[in-house]
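Text of protein02.tsv (TSV, C-alpha atoms) as supplied:
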chain	number	residue	atom	x	y	z
A	11	MET	CA	32.46	-1.15	-28.92
A	12	SER	CA	32.28	-3.74	-26.13
A	13	HIS	CA	28.88	-4.65	-24.69
A	14	CYS	CA	27.41	-7.14	-22.25
A	15	SER	CA	28.00	-10.78	-23.01
A	16	LYS	CA	25.18	-13.31	-23.07
A	17	ASP	CA	25.90	-14.45	-19.51
A	18	ALA	CA	26.59	-10.97	-18.10
A	19	LEU	CA	23.30	-10.93	-16.20
A	20	THR	CA	23.79	-14.36	-14.67
A	21	ASP	CA	27.48	-14.42	-13.76
A	22	LEU	CA	28.75	-13.83	-10.22
A	23	PHE	CA	28.82	-10.03	-10.58
A	24	GLY	CA	25.33	-9.98	-12.08
A	25	TRP	CA	23.83	-12.10	-9.29
A	26	PHE	CA	25.59	-9.98	-6.65
A	27	LEU	CA	23.92	-6.85	-8.05
A	28	GLN	CA	20.54	-8.60	-8.15
A	29	VAL	CA	20.75	-9.66	-4.50
A	30	LEU	CA	21.88	-6.15	-3.52
A	31	LEU	CA	18.94	-4.64	-5.41
A	32	ALA	CA	16.50	-6.99	-3.66
A	33	GLY	CA	17.87	-5.94	-0.26
A	34	LEU	CA	17.58	-2.24	-1.09
A	35	ALA	CA	14.02	-2.67	-2.37
A	36	PHE	CA	13.05	-4.51	0.82
A	37	THR	CA	14.57	-1.70	2.88
A	38	CYS	CA	12.43	0.84	1.01
A	39	LEU	CA	9.28	-1.05	1.99
A	40	ILE	CA	10.37	-1.10	5.65
A	41	LEU	CA	10.97	2.66	5.44
A	42	LYS	CA	7.51	3.14	3.92
A	43	ARG	CA	5.91	1.40	6.91
A	44	PHE	CA	7.57	3.82	9.34
A	45	CYS	CA	6.42	6.76	7.19
A	46	GLU	CA	2.78	5.75	7.68
A	47	PRO	CA	0.82	7.77	10.29
A	48	THR	CA	1.07	6.11	13.70
A	49	VAL	CA	-2.69	5.53	13.99
A	50	GLU	CA	-2.74	3.79	10.59
A	51	ARG	CA	0.56	1.91	10.74
A	52	ARG	CA	0.13	-1.75	9.86
A	53	PRO	CA	1.14	-4.47	12.32
A	54	TRP	CA	4.24	-6.36	11.19
A	55	LEU	CA	2.21	-9.44	10.20
A	56	ILE	CA	-0.13	-7.43	7.96
A	57	TRP	CA	2.85	-5.55	6.52
A	58	PHE	CA	4.54	-8.87	5.71
A	59	TYR	CA	1.37	-10.20	4.08
A	60	ASP	CA	1.14	-7.07	1.91
A	61	THR	CA	4.79	-6.80	0.89
A	62	SER	CA	5.46	-10.52	0.38
A	63	LYS	CA	3.00	-10.50	-2.52
A	64	GLN	CA	5.08	-7.80	-4.16
A	65	GLY	CA	8.25	-9.77	-3.48
A	66	MET	CA	6.93	-12.90	-5.17
A	67	GLY	CA	5.56	-10.98	-8.13
A	68	ALA	CA	8.78	-9.00	-8.56
A	69	LEU	CA	10.81	-12.23	-8.46
A	70	VAL	CA	8.69	-13.75	-11.23
A	71	ILE	CA	9.04	-10.64	-13.41
A	72	HIS	CA	12.78	-10.33	-12.75
A	73	LEU	CA	13.59	-13.95	-13.63
A	74	ALA	CA	11.45	-13.69	-16.75
A	75	ASN	CA	13.29	-10.53	-17.82
A	76	VAL	CA	16.70	-12.11	-17.25
A	77	PHE	CA	15.68	-15.18	-19.27
A	78	LEU	CA	14.17	-13.16	-22.12
A	79	ALA	CA	17.07	-10.67	-22.29
A	80	SER	CA	19.58	-13.51	-22.60
A	81	ASN	CA	17.64	-15.03	-25.49
A	82	TYR	CA	17.14	-11.90	-27.60
A	83	GLN	CA	19.56	-11.06	-30.38
A	84	GLY	CA	22.11	-8.44	-29.32
A	85	ASP	CA	23.16	-6.86	-26.04
A	86	PRO	CA	21.16	-8.48	-23.17
A	87	CYS	CA	21.64	-5.42	-20.94
A	88	THR	CA	19.71	-3.20	-23.32
A	89	TRP	CA	16.91	-5.74	-23.72
A	90	TYR	CA	16.68	-6.17	-19.96
A	91	ILE	CA	16.37	-2.43	-19.26
A	92	ILE	CA	13.74	-1.99	-22.01
A	93	ASN	CA	11.68	-4.82	-20.52
A	94	PHE	CA	12.13	-3.44	-17.03
A	95	LEU	CA	11.03	0.09	-17.95
A	96	LEU	CA	7.97	-1.22	-19.79
A	97	ASP	CA	7.07	-3.37	-16.77
A	98	SER	CA	7.35	-0.30	-14.54
A	99	SER	CA	5.12	1.88	-16.71
A	100	VAL	CA	2.71	0.00	-18.98
A	101	GLY	CA	2.88	-3.03	-16.69
A	102	LEU	CA	2.02	-0.94	-13.62
A	103	LEU	CA	-1.11	0.33	-15.38
A	104	ILE	CA	-2.18	-3.23	-16.27
A	105	LEU	CA	-1.51	-4.31	-12.67
A	106	TYR	CA	-3.59	-1.44	-11.29
A	107	ILE	CA	-6.54	-2.39	-13.52
A	108	GLY	CA	-6.21	-6.03	-12.47
A	109	ILE	CA	-6.17	-5.19	-8.74
A	110	ARG	CA	-9.18	-2.88	-9.06
A	111	PHE	CA	-11.05	-5.57	-11.02
A	112	CYS	CA	-10.36	-8.12	-8.28
A	113	GLN	CA	-11.59	-5.68	-5.65
A	114	TYR	CA	-14.75	-5.11	-7.69
A	115	LEU	CA	-15.36	-8.87	-7.89
A	116	SER	CA	-14.80	-9.24	-4.16
A	117	ARG	CA	-17.54	-6.68	-3.49
A	118	ALA	CA	-19.94	-7.91	-6.18
A	119	LYS	CA	-19.58	-11.63	-5.45
A	120	HIS	CA	-18.69	-11.32	-1.74
A	121	TRP	CA	-15.38	-13.12	-2.36
A	122	ASP	CA	-13.59	-11.56	0.60
A	123	ALA	CA	-10.45	-13.66	0.11
A	124	ILE	CA	-9.52	-11.86	-3.14
A	125	ASN	CA	-9.89	-8.37	-1.68
A	126	PHE	CA	-6.23	-7.30	-1.54
A	127	GLY	CA	-5.16	-6.17	1.91
A	128	GLU	CA	-8.08	-7.82	3.73
A	129	TYR	CA	-7.14	-10.98	5.63
A	130	GLY	CA	-9.94	-11.23	8.19
A	131	LYS	CA	-9.79	-11.11	11.98
A	132	PRO	CA	-7.54	-12.70	13.01
A	133	PRO	CA	-5.47	-12.50	9.78
A	134	SER	CA	-5.91	-15.71	7.79
A	135	PRO	CA	-2.89	-17.36	6.11
A	136	GLN	CA	-5.32	-18.89	3.61
A	137	ALA	CA	-6.49	-15.44	2.45
A	138	TRP	CA	-2.84	-14.40	2.12
A	139	LEU	CA	-2.02	-17.47	0.00
A	140	ILE	CA	-4.99	-16.84	-2.29
A	141	GLN	CA	-3.97	-13.21	-2.76
A	142	CYS	CA	-0.34	-14.20	-3.40
A	143	ALA	CA	-1.40	-16.66	-6.11
A	144	LEU	CA	-3.72	-14.06	-7.63
A	145	TYR	CA	-1.02	-11.38	-7.59
A	146	VAL	CA	1.51	-13.68	-9.26
A	147	LEU	CA	-1.13	-14.49	-11.90
A	148	LEU	CA	-1.59	-10.77	-12.53
A	149	MET	CA	2.17	-10.36	-12.92
A	150	ILE	CA	2.24	-13.23	-15.43
A	151	ILE	CA	-0.48	-11.42	-17.41
A	152	VAL	CA	1.63	-8.25	-17.23
A	153	LYS	CA	4.74	-10.04	-18.46
A	154	THR	CA	2.87	-11.77	-21.27
A	155	SER	CA	1.44	-8.43	-22.43
A	156	ILE	CA	4.86	-6.74	-22.35
A	157	THR	CA	6.46	-9.66	-24.21
A	158	LEU	CA	3.87	-9.33	-26.98
A	159	LEU	CA	4.57	-5.58	-27.09
A	160	MET	CA	8.30	-6.29	-27.39
A	161	MET	CA	7.71	-8.19	-30.63
A	162	LEU	CA	7.27	-4.89	-32.50
A	163	ASP	CA	10.23	-4.04	-34.77
A	164	PHE	CA	10.35	-0.57	-33.23
A	165	TRP	CA	12.32	-1.88	-30.25
A	166	ASP	CA	15.27	-2.95	-32.42
A	167	SER	CA	16.05	0.72	-33.07
A	168	VAL	CA	15.61	1.58	-29.39
A	169	GLN	CA	17.93	-1.26	-28.37
A	170	LYS	CA	20.75	0.06	-30.56
A	171	PHE	CA	21.09	3.47	-28.92
A	172	ILE	CA	19.63	3.15	-25.39
A	173	LEU	CA	23.01	2.34	-23.77
A	174	SER	CA	25.25	3.54	-26.60
A	175	PRO	CA	27.09	6.15	-24.43
A	176	PHE	CA	28.51	3.34	-22.26
A	177	SER	CA	31.21	1.00	-23.50
A	178	ASP	CA	32.28	-0.81	-20.32
A	179	PRO	CA	30.24	-4.04	-19.91
A	180	ARG	CA	30.38	-3.85	-16.11
A	181	VAL	CA	29.08	-0.29	-16.14
A	182	GLU	CA	26.19	-1.44	-18.33
A	183	VAL	CA	25.39	-4.31	-15.95
A	184	ALA	CA	25.52	-1.98	-12.94
A	185	LEU	CA	23.22	0.51	-14.66
A	186	VAL	CA	20.58	-2.00	-15.75
A	187	MET	CA	20.71	-4.31	-12.71
A	188	LEU	CA	21.20	-1.85	-9.84
A	189	ILE	CA	21.30	1.90	-10.41
A	190	ILE	CA	18.27	2.46	-12.68
A	191	PRO	CA	16.15	-0.33	-11.12
A	192	PHE	CA	16.81	0.97	-7.59
A	193	PHE	CA	15.22	4.38	-8.22
A	194	VAL	CA	12.42	3.01	-10.39
A	195	ASN	CA	11.68	0.14	-8.00
A	196	ALA	CA	11.62	2.45	-4.98
A	197	LEU	CA	8.84	4.45	-6.64
A	198	MET	CA	7.06	1.42	-8.10
A	199	PHE	CA	7.10	-0.60	-4.86
A	200	TRP	CA	5.84	2.41	-2.89
A	201	VAL	CA	2.93	2.94	-5.32
A	202	THR	CA	2.09	-0.77	-5.62
A	203	ASP	CA	2.10	-1.15	-1.83
A	204	ASN	CA	-0.59	1.53	-1.71
A	205	PHE	CA	-2.62	-0.56	-4.18
A	206	LEU	CA	-2.25	-3.71	-2.09
A	207	MET	CA	-2.63	-2.43	1.47
A	208	ARG	CA	-5.96	-2.15	3.21
A	209	LYS	CA	-7.58	1.22	2.61
A	210	GLN	CA	-7.74	3.18	5.85
A	211	THR	CA	-10.09	5.95	4.67
A	212	THR	CA	-13.31	4.22	5.64
A	213	ARG	CA	-11.93	3.14	8.99
A	214	ARG	CA	-10.65	6.64	9.69
A	215	LYS	CA	-14.05	8.14	8.86
A	216	GLU	CA	-15.77	5.62	11.10
A	217	SER	CA	-13.34	6.44	13.91
A	218	LEU	CA	-13.95	10.18	13.54
A	219	LEU	CA	-17.72	9.60	13.45
A	220	GLN	CA	-17.54	7.48	16.59
A	221	ARG	CA	-15.51	10.15	18.38
A	222	ALA	CA	-17.99	12.83	17.27
A	223	ARG	CA	-20.90	10.75	18.55
A	224	PHE	CA	-19.14	10.15	21.85
A	225	ARG	CA	-18.42	13.86	22.20
A	226	TYR	CA	-22.04	14.73	21.36
A	227	ARG	CA	-23.38	12.26	23.92
A	228	LYS	CA	-20.96	13.60	26.53
A	229	ILE	CA	-22.09	17.17	25.91
A	230	ARG	CA	-25.76	16.15	26.10
A	231	ARG	CA	-25.13	14.27	29.33
A	232	GLU	CA	-23.31	17.26	30.84
A	233	LYS	CA	-26.13	19.60	29.81
A	234	LYS	CA	-28.71	17.22	31.27
A	235	GLU	CA	-26.79	17.01	34.53
A	236	ASP	CA	-26.44	20.81	34.64
A	237	SER	CA	-30.17	21.18	33.95
A	238	GLU	CA	-31.04	18.73	36.72
A	239	SER	CA	-28.69	20.53	39.12
A	240	GLU	CA	-30.26	23.89	38.27
A	241	THR	CA	-33.75	22.42	38.84
A	242	LEU	CA	-32.74	21.08	42.26
A	243	ILE	CA	-31.13	24.38	43.22
A	244	SER	CA	-34.25	26.28	42.14
A	245	ALA	CA	-36.45	23.90	44.15
A	246	ASP	CA	-34.23	24.38	47.20
A	247	GLU	CA	-34.32	28.12	46.79
A	248	GLU	CA	-38.12	28.03	46.52
A	249	LEU	CA	-38.36	25.91	49.65
A	250	ILE	CA	-36.01	28.24	51.52
A	251	GLY	CA	-37.97	31.27	50.32
A	252	SER	CA	-41.26	29.66	51.34
A	253	GLY	CA	-39.84	28.81	54.76
A	254	GLU	CA	-38.60	32.36	55.28
A	255	ALA	CA	-42.01	33.78	54.30
A	256	THR	CA	-43.79	31.44	56.71
A	257	GLN	CA	-41.40	32.35	59.48
A	258	THR	CA	-42.03	36.06	58.84
A	259	ARG	CA	-45.82	35.61	59.04
A	260	LEU	CA	-45.51	33.63	62.26
A	261	THR	CA	-43.34	36.37	63.77
A	262	THR	CA	-45.84	39.01	62.74
A	263	LEU	CA	-48.78	37.10	64.21
A	264	THR	CA	-46.86	36.53	67.45
A	265	ALA	CA	-45.99	40.20	67.76
A	266	ALA	CA	-49.62	41.14	67.20
Same coordinates, now as structure tokens:
Amino acid sequence: MSHCSKDALTDLFGWFLQVLLAGLAFTCLILKRFCEPTVERRPWLIWFYDTSKQGMGALVIHLANVFLASNYQGDPCTWYIINFLLDSSVGLLILYIGIRFCQYLSRAKHWDAINFGEYGKPPSPQAWLIQCALYVLLMIIVKTSITLLMMLDFWDSVQKFILSPFSDPRVEVALVMLIIPFFVNALMFWVTDNFLMRKQTTRRKESLLQRARFRYRKIRREKKEDSESETLISADEELIGSGEATQTRLTTLTAA
């Protein structure tokens, strides 16, 4: 049975599929921005700051997977897809823990620059660079952990049957470099972007509270104005009534 050759992931066809996958993944992140509620939609600069971190981290992981798959014994396509699926499951969990730990440190130590999604006002390129470096470091930790996990003998058995139904090398390359990664990446990038973007919940609550306060003050002001108007009307009515009574008494006295 024919399988991928050692250079199948790095020949012209392999690189074409990788560039196509990168373009499709980037399109998914653009689509995600337009799916955000209008009041919470990120400006393009903030969106770029958030998604570029993912792009750099994904590039590091992808190049590491291509290098490792080409150096394992056996079909590189099967080793690549095993690495990729582990990165997208176990690796995503490690990444989530790392991001939450960084956010905890930013609150505890007041290190605002490492709080993912927060860049200051106006947005600071320095904060973005620090977060990019930190995110790439987290991805290196993820890849190191997955590589250690791949040293278990268990994966040799998995590697033998994972793509066994397919015999055409180009079909294997298309499956592991485009078709499977596209669907998995679309989900993974969407979820990771939610980890990295600024949380809008607090800001939304503050906005609702401000609107409620404004509405309450408006109602109080309207009630106060109505009360003052009623007081003035009552005073006018009393004056008119007093004037009419006086006029009546004067008329009576005159007639007498």
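The spacing separating CA of Leu159 (chain A) from CA of Ala68 (chain A) amounts to 19.3 Å.
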Using only C-alpha atoms, determine which residues lie at most 9 Å from Ala123 (chain A), disregarding the query and same-chain residues fewer than 4 positions distant; provide the list as a PDB file with C-alpha atoms, keeping the file's coordinate frame.
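Output contents, as saved in result-v7.pdb:
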ATOM      1  CA  SER A 116     -14.800  -9.240  -4.160  1.00  0.00           C
ATOM      2  CA  GLU A 128      -8.080  -7.820   3.730  1.00  0.00           C
ATOM      3  CA  TYR A 129      -7.140 -10.980   5.630  1.00  0.00           C
ATOM      4  CA  GLY A 130      -9.940 -11.230   8.190  1.00  0.00           C
ATOM      5  CA  GLN A 136      -5.320 -18.890   3.610  1.00  0.00           C
ATOM      6  CA  ALA A 137      -6.490 -15.440   2.450  1.00  0.00           C
ATOM      7  CA  TRP A 138      -2.840 -14.400   2.120  1.00  0.00           C
ATOM      8  CA  ILE A 140      -4.990 -16.840  -2.290  1.00  0.00           C
ATOM      9  CA  GLN A 141      -3.970 -13.210  -2.760  1.00  0.00           C
TER      10      GLN A 141
END
Fewer than 4 positions away in the same chain doesn't count, so skip those; otherwise give me all residues within 12 Å of Tyr106 (chain A), counting all atoms listed in the file, as an NGL selection string.
:A and (98-102 or 110-113 or 126 or 145 or 148-149 or 152 or 198 or 201-206)
Expressed in Å to a single decimal, how great is the separation between CA of Leu73 (chain A) and CA of Ser174 (chain A)?
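One can read the CA of Leu73 (chain A) to CA of Ser174 (chain A) distance as 24.7 Å.
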Near Leu39 (chain A), within 10 Å and counting all atoms listed in the file, which residues show up once chain neighbours fewer than 5 positions away are dropped, as a PDB file with C-alpha atoms, in the coordinates of the input?
ATOM      1  CA  LEU A  34      17.580  -2.240  -1.090  1.00  0.00           C
ATOM      2  CA  PHE A  44       7.570   3.820   9.340  1.00  0.00           C
ATOM      3  CA  CYS A  45       6.420   6.760   7.190  1.00  0.00           C
ATOM      4  CA  TRP A  57       2.850  -5.550   6.520  1.00  0.00           C
ATOM      5  CA  PHE A  58       4.540  -8.870   5.710  1.00  0.00           C
ATOM      6  CA  THR A  61       4.790  -6.800   0.890  1.00  0.00           C
ATOM      7  CA  ALA A 196      11.620   2.450  -4.980  1.00  0.00           C
ATOM      8  CA  PHE A 199       7.100  -0.600  -4.860  1.00  0.00           C
ATOM      9  CA  TRP A 200       5.840   2.410  -2.890  1.00  0.00           C
ATOM     10  CA  ASP A 203       2.100  -1.150  -1.830  1.00  0.00           C
TER      11      ASP A 203
END
Pairwise distance for CA of Ser80 (chain A) and CA of Cys14 (chain A), rounded to one decimal in Å
10.1 Å
Would you pick out the contacts of region 81-97 of chain A at 10 Å or less, using only C-alpha atoms, so that residues sharing its chain but fewer than 4 positions from it are not included, and give the list as a PyMOL selection string?
chain A and resi 12-19+71-72+74-77+101-105+149+152-153+155-157+159-160+165-166+168-174+179+182-187+190-191+194-195+198
Pick the closest to Val29 (chain A) from A:Leu188, A:Ala118, A:Val181, A:Ile150: which is it, counting all atoms listed in the file?
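For Val29 (chain A), the nearest of the candidates is A:Leu188.
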